[in-house]
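Text of the file upload_13.cif, holding mmCIF, C-alpha atoms:
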data_data
#
loop_
_atom_site.label_atom_id
_atom_site.label_comp_id
_atom_site.auth_asym_id
_atom_site.auth_seq_id
_atom_site.Cartn_x
_atom_site.Cartn_y
_atom_site.Cartn_z
CA MET A 29 56.02 87.42 99.59
CA ASP A 30 58.43 84.82 98.29
CA SER A 31 59.14 83.13 101.60
CA LEU A 32 58.80 83.83 105.25
CA ILE A 33 62.28 84.01 106.68
CA PRO A 34 62.08 82.11 109.97
CA PHE A 35 63.07 84.08 113.01
CA THR A 36 66.09 82.84 114.85
CA THR A 37 66.74 83.67 118.47
CA SER A 38 68.45 86.95 117.61
CA GLY A 39 69.45 88.96 114.59
CA SER A 40 73.01 88.23 113.60
CA LEU A 41 75.37 88.52 110.69
CA VAL A 42 76.85 85.08 111.06
CA ASP A 43 74.89 83.81 108.07
CA CYS A 44 76.35 86.55 105.92
CA VAL A 45 80.01 85.73 106.57
CA ASP A 46 82.01 84.60 103.54
CA ARG A 47 79.21 85.69 101.26
CA LYS A 48 79.25 88.42 98.68
CA MET A 49 77.33 91.35 100.08
CA LEU A 50 76.16 94.77 99.00
CA VAL A 51 76.90 97.39 101.62
CA VAL A 52 75.34 100.84 101.40
CA LEU A 53 77.11 103.51 103.41
CA ARG A 54 75.60 106.67 104.81
CA ASP A 55 77.45 108.79 102.28
CA GLY A 56 75.60 106.91 99.55
CA ARG A 57 78.43 104.63 98.45
CA LYS A 58 77.50 101.17 97.28
CA LEU A 59 80.19 98.60 97.95
CA HIS A 60 80.23 94.99 96.79
CA GLY A 61 82.51 92.63 98.63
CA VAL A 62 82.87 89.39 100.56
CA LEU A 63 82.01 89.84 104.21
CA ARG A 64 84.81 88.29 106.23
CA SER A 65 83.97 89.31 109.78
CA TYR A 66 81.94 91.61 111.99
CA ASP A 67 81.57 92.53 115.65
CA GLN A 68 78.94 93.81 118.10
CA PHE A 69 79.00 97.29 116.53
CA ALA A 70 78.55 95.82 113.05
CA ASN A 71 82.03 97.00 112.10
CA LEU A 72 82.67 95.01 108.94
CA VAL A 73 85.65 93.50 107.20
CA LEU A 74 84.92 93.42 103.48
CA GLU A 75 87.33 91.68 101.13
CA ASP A 76 87.82 92.20 97.40
CA THR A 77 85.58 95.23 97.45
CA THR A 78 84.38 97.13 94.43
CA GLU A 79 82.50 100.39 94.54
CA ARG A 80 79.75 100.76 92.00
CA ILE A 81 78.25 103.98 90.71
CA TYR A 82 75.11 104.33 88.62
CA HIS A 83 73.77 106.88 86.21
CA GLY A 84 70.86 106.47 83.85
CA ASN A 85 71.14 103.06 82.20
CA ALA A 86 74.86 102.68 82.87
CA PHE A 87 77.05 101.65 85.78
CA ALA A 88 80.77 101.63 86.52
CA GLU A 89 83.00 99.84 89.01
CA HIS A 90 86.15 100.72 90.85
CA TRP A 91 88.22 98.13 92.72
CA HIS A 92 89.13 99.04 96.26
CA GLY A 93 90.48 95.94 98.01
CA LEU A 94 90.24 95.16 101.72
CA PHE A 95 88.03 97.41 103.82
CA LEU A 96 87.41 97.82 107.51
CA ILE A 97 84.14 99.75 107.77
CA ARG A 98 83.02 101.38 110.98
CA GLY A 99 79.57 100.07 111.79
CA GLU A 100 77.79 103.37 112.40
CA ASN A 101 78.36 104.36 108.76
CA VAL A 102 76.50 101.38 107.35
CA VAL A 103 72.91 101.78 106.22
CA LEU A 104 72.23 98.25 105.09
CA LEU A 105 73.71 94.95 103.98
CA GLY A 106 72.20 92.80 101.30
CA GLU A 107 73.25 89.36 100.14
CA ILE A 108 74.11 89.15 96.47
CA ASP A 109 72.72 86.20 94.59
CA LEU A 110 75.74 84.93 92.67
CA ASP A 111 73.56 83.23 90.08
CA ARG A 112 71.77 86.42 89.16
CA GLU A 113 74.63 88.78 89.84
CA ASP A 114 75.45 89.32 86.18
CA ASP A 115 71.87 89.81 85.00
CA VAL A 116 72.25 93.52 85.31
CA PRO A 117 69.99 95.33 82.80
CA LEU A 118 72.48 98.18 82.64
CA ARG A 119 75.56 98.56 80.51
CA GLN A 120 78.99 98.79 82.11
CA VAL A 121 81.25 101.72 81.28
CA ASP A 122 84.58 103.05 82.52
CA TYR A 123 84.65 104.61 85.94
CA HIS A 124 86.27 107.87 84.86
CA VAL A 125 83.60 108.31 82.17
CA LEU A 126 80.68 107.99 84.56
CA ASP A 127 82.23 109.70 87.55
CA PRO A 128 81.43 113.32 86.59
CA TYR A 129 77.78 112.41 85.94
CA HIS A 130 77.65 110.64 89.26
CA LYS A 131 79.13 113.60 91.11
CA ASN A 132 76.61 115.82 89.41
CA ASP A 133 73.77 113.55 90.52
CA ILE A 134 75.01 113.75 94.09
CA ALA A 135 75.18 117.54 94.01
CA ASN A 136 71.67 117.81 92.58
CA LYS A 137 70.32 115.39 95.12
CA LYS A 138 71.86 117.39 97.94
CA VAL A 139 70.27 120.59 96.66
CA ARG A 140 66.88 118.87 96.40
CA GLU A 141 67.15 117.40 99.88
CA ASP A 142 68.18 120.72 101.40
CA PHE A 143 65.29 122.47 99.71
CA LYS A 144 62.89 119.76 100.79
CA SER A 145 63.94 119.89 104.41
CA GLN A 146 63.72 123.68 104.35
CA VAL A 147 60.14 123.57 103.07
CA LEU A 148 59.17 120.92 105.58
CA TYR A 149 60.68 123.02 108.32
CA GLU A 150 58.98 126.25 107.34
CA GLN A 151 55.59 124.97 106.27
CA LYS A 152 55.05 121.77 108.21
CA GLY A 153 57.04 122.30 111.39
CA PHE A 154 59.52 119.46 110.74
CA CYS A 155 62.84 119.65 112.48
CA LYS A 156 65.89 120.33 110.32
CA GLU A 157 68.30 118.44 112.51
CA GLY A 158 69.43 114.89 111.94
CA GLY A 159 70.74 113.11 108.89
CA GLU A 160 73.62 115.51 108.39
CA GLY A 161 76.09 114.26 105.88
CA ASP A 162 73.83 111.45 104.79
CA GLY A 163 73.93 110.94 101.05
CA TYR A 164 71.80 107.83 100.63
CA MET B 29 88.81 87.36 113.00
CA LEU B 30 87.24 90.41 114.54
CA PRO B 31 87.54 93.72 112.71
CA LEU B 32 89.42 95.39 115.57
CA SER B 33 91.81 92.44 115.78
CA LEU B 34 92.52 92.90 112.10
CA LEU B 35 93.27 96.55 112.79
CA THR B 36 95.65 95.68 115.62
CA ALA B 37 97.37 93.20 113.35
CA ALA B 38 97.84 95.97 110.79
CA GLN B 39 100.31 97.87 112.95
CA ASN B 40 103.19 99.28 110.92
CA LYS B 41 101.32 98.64 107.70
CA PRO B 42 100.27 101.44 105.35
CA MET B 43 96.61 102.28 105.17
CA LEU B 44 94.10 104.84 104.05
CA VAL B 45 91.64 106.26 106.53
CA GLU B 46 88.59 108.17 105.36
CA LEU B 47 86.80 110.30 107.90
CA LYS B 48 83.10 111.04 108.03
CA ASN B 49 83.76 114.49 106.57
CA GLY B 50 85.47 112.96 103.52
CA GLU B 51 89.07 113.82 104.38
CA THR B 52 91.55 111.04 103.76
CA PHE B 53 94.71 110.17 105.64
CA ASN B 54 97.36 107.93 104.10
CA GLY B 55 99.94 106.67 106.55
CA HIS B 56 101.41 103.84 108.57
CA LEU B 57 99.50 102.67 111.60
CA VAL B 58 101.38 103.14 114.83
CA ASN B 59 98.78 102.06 117.34
CA CYS B 60 95.08 101.60 117.87
CA ASP B 61 92.65 100.92 120.70
CA ASN B 62 89.22 99.46 121.28
CA PHE B 63 87.52 102.71 120.38
CA MET B 64 89.23 102.62 116.99
CA ASN B 65 91.28 105.69 117.98
CA ILE B 66 94.45 105.45 115.92
CA THR B 67 97.83 107.07 115.57
CA LEU B 68 99.52 107.20 112.19
CA ARG B 69 103.00 108.27 111.10
CA GLU B 70 104.28 109.72 107.81
CA VAL B 71 100.80 110.89 106.93
CA TYR B 72 99.51 112.50 103.75
CA GLN B 73 96.25 114.27 104.46
CA THR B 74 93.88 115.18 101.63
CA SER B 75 90.91 117.47 101.96
CA ALA B 76 87.42 116.22 101.14
CA ASP B 77 87.45 118.05 97.79
CA GLY B 78 90.77 116.53 96.88
CA ASP B 79 92.35 119.91 96.25
CA ARG B 80 94.42 120.49 99.37
CA PHE B 81 97.22 118.34 100.77
CA TRP B 82 99.21 118.27 103.96
CA LYS B 83 102.11 116.17 105.11
CA LEU B 84 102.12 115.28 108.80
CA LYS B 85 104.82 113.41 110.66
CA GLU B 86 102.35 111.94 113.09
CA CYS B 87 98.67 112.27 113.70
CA TYR B 88 96.01 111.02 116.05
CA ILE B 89 92.53 110.25 114.78
CA ARG B 90 89.59 109.79 117.11
CA GLY B 91 87.76 106.58 116.28
CA SER B 92 84.32 108.15 116.26
CA THR B 93 85.26 110.32 113.28
CA ILE B 94 86.29 107.42 111.06
CA LYS B 95 84.13 106.29 108.18
CA TYR B 96 86.31 103.43 107.02
CA LEU B 97 89.88 102.17 106.68
CA ARG B 98 91.44 100.64 103.59
CA VAL B 99 94.20 98.21 104.42
CA PRO B 100 96.62 96.22 102.24
CA ASP B 101 94.84 93.27 100.63
CA THR B 102 97.58 90.89 101.66
CA LEU B 103 96.91 91.71 105.32
CA LEU B 104 94.12 89.19 105.77
CA ASP B 105 96.26 86.31 104.51
CA ALA B 106 99.30 87.51 106.42
CA VAL B 107 97.33 87.57 109.66
CA LYS B 108 95.85 84.12 109.08
CA ASP B 109 99.34 82.74 108.50
CA GLU B 110 100.60 84.38 111.67
CA GLN B 111 97.72 82.98 113.68
CA ALA B 112 98.33 79.49 112.31
CA ARG B 113 102.03 79.78 113.13
CA ALA B 114 101.28 81.04 116.64
CA ARG B 115 98.94 78.13 117.17
CA GLU B 116 101.57 75.61 116.02
CA ALA B 117 104.17 77.23 118.27
CA GLY B 118 101.76 77.17 121.21
CA ARG B 119 100.92 73.54 120.66
CA SER B 120 104.48 72.31 120.39
CA ALA B 121 105.47 74.36 123.44
CA ARG B 122 102.65 72.83 125.46
CA GLY B 123 103.46 69.31 124.27
CA ALA B 124 107.00 69.64 125.64
CA GLY B 125 105.72 70.83 129.02
CA PRO B 126 104.52 68.78 132.00
CA GLY B 127 101.77 66.30 131.24
CA GLY B 128 103.11 65.60 127.80
CA ARG B 129 100.67 63.88 125.51
CA GLY B 130 97.88 62.74 127.76
CA GLY B 131 95.63 65.75 127.75
CA ARG B 132 94.84 68.17 125.02
CA GLY B 133 97.87 68.63 122.88
CA ALA B 134 98.13 65.36 121.01
CA PRO B 135 98.52 66.43 117.39
CA PRO B 136 100.59 63.43 116.19
CA ARG B 137 97.60 61.17 116.78
CA GLY B 138 95.54 63.30 114.48
CA ARG B 139 92.76 63.78 116.96
CA GLY B 140 90.81 66.64 115.49
CA GLY B 141 89.37 69.10 117.96
CA ALA B 142 91.82 68.17 120.66
CA ARG B 143 90.91 71.39 122.40
CA GLY B 144 87.33 70.30 122.68
CA ALA B 145 88.27 67.38 124.88
CA GLY B 146 86.56 69.06 127.80
CA PRO B 147 83.19 67.31 127.85
CA ARG B 148 84.78 63.90 127.64
CA GLY B 149 87.37 64.66 130.24
CA GLY B 150 90.08 63.83 127.76
CA ARG B 151 92.20 62.17 130.36
CA GLY B 152 90.61 58.78 130.81
CA ARG B 153 90.82 58.00 127.10
CA GLY B 154 94.07 56.05 127.28
CA ARG B 155 96.81 57.92 125.52
CA GLY B 156 94.48 60.37 123.67
#

Let me see whether you can do it: turn the structure in this file into structure tokens.
Amino acid sequence: MDSLIPFTTSGSLVDCVDRKMLVVLRDGRKLHGVLRSYDQFANLVLEDTTERIYHGNAFAEHWHGLFLIRGENVVLLGEIDLDREDDVPLRQVDYHVLDPYHKNDIANKKVREDFKSQVLYEQKGFCKEGGEGDGY
Amino acid sequence: MLPLSLLTAAQNKPMLVELKNGETFNGHLVNCDNFMNITLREVYQTSADGDRFWKLKECYIRGSTIKYLRVPDTLLDAVKDEQARAREAGRSARGAGPGGRGGRGAPPRGRGGARGAGPRGGRGRGRG
């Protein structure tokens, strides 16, 4: 463990404001942007946002601008280290080149997840409910 | 500023709303409330697949179905400017009212944090 993050009195996003953050949404989207504000529901205002998609050893970006994200759709937030931000071991390509591969990946993943939950339901008694529409 | 305040400040501005099911609505914001329920006018609705389109004069979207909203990038700066202007207007209006300079609103003296004069009383400090 690199460091033990000291506990403050309560979890809060105040230390993340005005920092570049990675936001993962429930539909699987990965957004990079500067967190400008938040509220008690973790609704977020993200400025200068880019969406990044990945496939194999390549990635692509698409600029989206100013976002207001409803909190319940957020999976996680991670702070981006600006010093190491560009040390990406992947090569950057055009968005429209990578997009079809990305969409394909999503479709395959959905099929796998559906099959998996079906097997778990039939053979192990797991419930099939919950996580509808989640793509992460 | 709070996300919902930003939304309220975006009234009459164009925006894109994506719902949880992937449908997108492009239109001008008419009104919104604390639940993020919104009404839009002059709306172009697109299906999740991107293959079907509708034009709606007005529509109401329940907040709980929203995934996110994309607003004009200039909105954040525009709102900050408006807030700053409202603050200046408020301060000069209060300075011209009863009590004049003594209490909180003493900007010409350059007293930073004039509003935080509470703990010190603010009044006994001569002319502030």

Do you have, as a Markdown table, the list of residues of chain B lying at most 7 Å from chain A, each with its nearest atom pair and that distance in Å to one decimal, counting all atoms listed in the file and ordered by chain then number?
| residue | atom | partner | partner_atom | distance |
| --- | --- | --- | --- | --- |
| B:Met29 | CA | A:Ser65 | CA | 6.1 |
| B:Leu30 | CA | A:Ser65 | CA | 5.9 |
| B:Pro31 | CA | A:Val73 | CA | 5.8 |
| B:Ile94 | CA | A:Arg98 | CA | 6.9 |
| B:Lys95 | CA | A:Arg98 | CA | 5.8 |
| B:Tyr96 | CA | A:Ile97 | CA | 4.3 |
| B:Leu97 | CA | A:Leu96 | CA | 5.1 |
| B:Arg98 | CA | A:Phe95 | CA | 4.7 |
| B:Val99 | CA | A:Leu94 | CA | 5.7 |
| B:Pro100 | CA | A:Leu94 | CA | 6.5 |
| B:Asp101 | CA | A:Leu94 | CA | 5.1 |

Legend entry - Pairwise distance for CA of Ser92 in chain B and CA of Arg47 in chain A, rounded to one decimal in Å: 27.5 Å

Legend entry - Shell around Asp142 in chain A at 12 Å using all atoms listed in the file, local window under 4 positions removed, as a list in words: Ala135, Asn136, Lys137, Lys138, Gln146, Val147, Leu148, Tyr149, Lys156, Glu157, Gly159, Glu160, Gly161, Asp162 and Gly163 of chain A

Inset, instruction - Name the residues captured by the PyMOL selection byres ((chain A and resi 57) around 8) when it is applied to the shown file; answer as a PyMOL selection string. - result: chain A and resi 52-56+58-59+79-81+164

Legend entry - One-decimal distance in Å that lies between CA of Leu110 in chain A and CA of Leu50 in chain A: 11.7 Å

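You will find CA of Val139 in chain A at 22.5 Å from CA of Leu47 in chain B.
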
Inset, instruction - Up to 12 Å from (86.0, 116.2, 97.8) in the file's coordinates: name the residues, counting only C-alpha atoms, as number ranges by chain. - result: A: 131, 134-135; B: 46-52, 74-81

Inset, instruction - Around the point (75.3, 103.7, 86.4), in the coordinates given by the file, pick out the residues reaching within 8 Å, counting only C-alpha atoms, and return them as a list in words. - result: Arg80, Ile81, Tyr82, His83, Gly84, Asn85, Ala86, Phe87, Ala88, Leu118, Arg119, Gln120, Leu126 and His130 of chain A

Inset, instruction - Pick out the closest residue to Thr78 in chain A from this set: A:Gly61, A:Ser145, A:Asp109, A:Met49. Count all atoms listed in the file. - result: A:Gly61

Legend entry - Pick from A:Lys48, A:Asp133, A:Asp43, A:Phe154 nearest to Asp111 in chain A, counting all atoms listed in the file: A:Lys48

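Using all atoms listed in the file for every distance, the candidate list A:Phe69, A:Asp46, A:Asp114, A:Val125 yields A:Phe69 as the residue closest to Asn62 in chain B.
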
Inset, instruction - Pick out the residues sitting within 6 Å of Asn40 in chain B, and hand them over as number ranges by chain; count only C-alpha atoms, and ignore anything fewer than 6 positions along from it in its own chain. - result: B: 56-58

Go ahead and write the selection's residues with C-alpha atoms as a short mmCIF file (atom, residue, chain, number, x, y, z; two decimals), keeping the file's coordinate frame.
data_model
loop_
_atom_site.label_atom_id
_atom_site.label_comp_id
_atom_site.auth_asym_id
_atom_site.auth_seq_id
_atom_site.Cartn_x
_atom_site.Cartn_y
_atom_site.Cartn_z
CA HIS B 56 101.41 103.84 108.57
CA LEU B 57 99.50 102.67 111.60
CA VAL B 58 101.38 103.14 114.83
#

Produce the centre coordinates and the three edge lengths, each in Å to one decimal, of the box along x, y and z that contains all listed atoms of range 37-51 of chain A with 4 Å added on each side, as JSON.
{"center_x": 74.4, "center_y": 90.5, "center_z": 108.6, "size_x": 23.3, "size_y": 21.7, "size_z": 27.8}

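Note on the selection: in this file the PyMOL selection byres ((chain B and resi 103) around 10) comes out as A:Leu94, B:Leu34, B:Leu35, B:Ala37, B:Ala38, B:Lys41, B:Val99, B:Pro100, B:Asp101, B:Thr102, B:Leu104, B:Asp105, B:Ala106, B:Val107, B:Lys108, B:Asp109.
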
When the PyMOL selection byres ((chain B and resi 86) around 9) is applied to the structure above, which residues does it catch, written out as a compact mmCIF listing (two decimals) with C-alpha atoms, in the frame of the given file?
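To be explicit, this is the file written out as out-v6.txt:
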# COMPACT_ATOMS: atom_id res chain seq x y z
CA GLY B 55 99.94 106.67 106.55
CA THR B 67 97.83 107.07 115.57
CA LEU B 68 99.52 107.20 112.19
CA ARG B 69 103.00 108.27 111.10
CA GLU B 70 104.28 109.72 107.81
CA VAL B 71 100.80 110.89 106.93
CA LEU B 84 102.12 115.28 108.80
CA LYS B 85 104.82 113.41 110.66
CA CYS B 87 98.67 112.27 113.70
CA TYR B 88 96.01 111.02 116.05

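Using only C-alpha atoms, the smallest distance between any of A:Arg140, A:Val51, A:His90, A:Cys44 and His124 in chain A comes from A:His90.
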